[in-house]
Amino acid sequence: MCLESVEIMSEWPAWIQAIGSVAAICVAVAIAYFERRRTEKLTKFQRERESKDRQIKARSLVIAIYPEMLEMNDKIQGHWKDNGSVKLITIQIPNILLDSTRQFYLLEDAGNKIQQFVAVARQFNRMLKEFRTKSGGAYTIPDNKKRDLAILLSSASSLLGKALGLIGPIHEGE
């Protein structure tokens, strides 16, 4: 009997070590689990904050450009003569639109439409300038080029209208 108790006592350190190892593994798994949850919560919080920041920046941009775009829309409508032909005047692109092009990504599809509008308006203006230069200040435009100008103006008007439709709700705070 004494011999058996000595044998059992000699196994205790191995058992204690085994239990300690299992406990250490459990603690390591728990730490990893809670750390992952904490990281996920932090990531979610950061994404939400970035989304809010983006929305605030987008709304600020819209507040700055919307009135100019409305005015521009009215002016573009004034480029059409009563007979459906195009008045040969350049499209004045507001500086706020030109200065804000790097921020249009905030407006997603609306920003894309605004960038397309600016590109088409510039193309329209270049075409007018080209004909003015060729004819010494007066416009002498062949009929096929007049159609091209009408198509560009129609495209510019459409793009601007779509952009206004997309950013209107943002401007109104919706």
# chains A, B, ... in the order shown; residues from 1 in each chain; ligands from 1
call {"tool": "select_by_dssp", "arguments": {"residues": "chain A", "states": "helix (DSSP H, G or I)", "output": "ChimeraX atom specification"}}
result
/A:2-77,95-99,101-107,109-134,143-171
call {"tool": "residues_around", "arguments": {"residues": "stretch 116-126 of chain A", "least_positions_apart": "2", "cutoff": "7 Å", "atoms": "only C-alpha atoms", "output": "JSON, numbers by chain"}}
result
{"A": [90, 91, 112, 113, 114, 128, 129, 130, 149, 152, 156, 159, 160]}
call {"tool": "residues_around", "arguments": {"residues": "A:Ile65", "least_positions_apart": "2", "cutoff": "12 Å", "atoms": "only C-alpha atoms", "output": "number ranges by chain"}}
result
A: 58-63, 67-72, 93-101, 103-104, 107, 110-111, 114, 160, 163-164, 167-168, 170-171
call {"tool": "closest_residue", "arguments": {"among": "A:Ser10, A:Thr43, A:Ser85, A:Gln92", "to": "A:Lys145", "atoms": "only C-alpha atoms"}}
result
A:Ser85
call {"tool": "atom_distance", "arguments": {"atom1": "atom CA of A:Asp109", "atom2": "atom CA of A:Gly161"}}
result
12.8 Å
call {"tool": "atom_distance", "arguments": {"atom1": "atom CA of A:Lys52", "atom2": "atom CA of A:Tyr33"}}
result
28.7 Å
call {"tool": "atom_distance", "arguments": {"atom1": "atom CA of A:Ala28", "atom2": "atom CA of A:Ala14"}}
result
20.9 Å
call {"tool": "closest_residue", "arguments": {"among": "A:Ser51, A:Gln17, A:Thr140, A:Ser157", "to": "A:Asp74", "atoms": "only C-alpha atoms"}}
result
A:Ser157
call {"tool": "decode", "arguments": {"residues": "stretch 97-168 of chain A", "atoms": "C-alpha atoms", "output": "compact mmCIF listing (two decimals), in the first residue's frame"}}
result
# COMPACT_ATOMS: atom_id res chain seq x y z
CA LEU A 97 -17.80 72.21 -61.02
CA LEU A 98 -14.32 72.44 -62.50
CA ASP A 99 -12.72 72.83 -59.07
CA SER A 100 -14.68 69.94 -57.53
CA THR A 101 -13.95 67.22 -60.08
CA ARG A 102 -11.69 65.32 -57.69
CA GLN A 103 -14.54 65.01 -55.22
CA PHE A 104 -17.22 63.72 -57.60
CA TYR A 105 -16.44 60.13 -56.59
CA LEU A 106 -18.33 60.94 -53.39
CA LEU A 107 -21.50 61.27 -55.44
CA GLU A 108 -21.10 57.89 -57.14
CA ASP A 109 -23.37 57.70 -60.23
CA ALA A 110 -24.32 61.39 -60.01
CA GLY A 111 -20.64 62.33 -59.92
CA ASN A 112 -20.07 60.22 -63.00
CA LYS A 113 -22.91 62.02 -64.79
CA ILE A 114 -21.49 65.41 -63.80
CA GLN A 115 -18.04 64.46 -65.08
CA GLN A 116 -19.58 63.26 -68.34
CA PHE A 117 -21.54 66.51 -68.59
CA VAL A 118 -18.37 68.59 -68.14
CA ALA A 119 -16.58 66.52 -70.81
CA VAL A 120 -19.45 66.91 -73.30
CA ALA A 121 -19.77 70.65 -72.58
CA ARG A 122 -16.04 71.08 -73.17
CA GLN A 123 -16.32 69.13 -76.41
CA PHE A 124 -19.20 71.39 -77.50
CA ASN A 125 -17.13 74.49 -76.66
CA ARG A 126 -14.06 73.15 -78.49
CA MET A 127 -16.13 72.49 -81.59
CA LEU A 128 -17.54 76.03 -81.51
CA LYS A 129 -14.09 77.51 -80.99
CA GLU A 130 -12.70 75.47 -83.88
CA PHE A 131 -15.30 76.88 -86.27
CA ARG A 132 -14.95 80.42 -84.95
CA THR A 133 -11.17 80.25 -85.47
CA LYS A 134 -11.50 78.83 -89.01
CA SER A 135 -13.86 81.55 -90.12
CA GLY A 136 -12.11 84.53 -88.49
CA GLY A 137 -14.49 85.13 -85.61
CA ALA A 138 -17.83 84.45 -87.27
CA TYR A 139 -19.38 81.01 -87.19
CA THR A 140 -19.51 79.19 -90.49
CA ILE A 141 -20.63 75.69 -89.61
CA PRO A 142 -21.53 72.96 -92.09
CA ASP A 143 -24.94 71.33 -91.60
CA ASN A 144 -23.48 67.99 -90.49
CA LYS A 145 -21.48 69.79 -87.78
CA LYS A 146 -24.59 71.67 -86.69
CA ARG A 147 -26.20 68.25 -86.12
CA ASP A 148 -23.13 67.21 -84.12
CA LEU A 149 -23.47 70.35 -81.99
CA ALA A 150 -27.17 69.63 -81.46
CA ILE A 151 -26.36 66.07 -80.41
CA LEU A 152 -23.68 67.29 -77.98
CA LEU A 153 -26.02 69.89 -76.50
CA SER A 154 -28.80 67.33 -76.15
CA SER A 155 -26.38 64.91 -74.48
CA ALA A 156 -25.12 67.62 -72.12
CA SER A 157 -28.68 68.54 -71.21
CA SER A 158 -29.61 64.92 -70.59
CA LEU A 159 -26.56 64.23 -68.43
CA LEU A 160 -27.11 67.37 -66.39
CA GLY A 161 -30.78 66.49 -65.91
CA LYS A 162 -29.91 62.99 -64.72
CA ALA A 163 -27.27 64.34 -62.33
CA LEU A 164 -29.73 66.88 -60.92
CA GLY A 165 -32.27 64.11 -60.42
CA LEU A 166 -29.73 62.05 -58.49
CA ILE A 167 -28.37 64.83 -56.28
CA GLY A 168 -31.66 66.64 -55.68
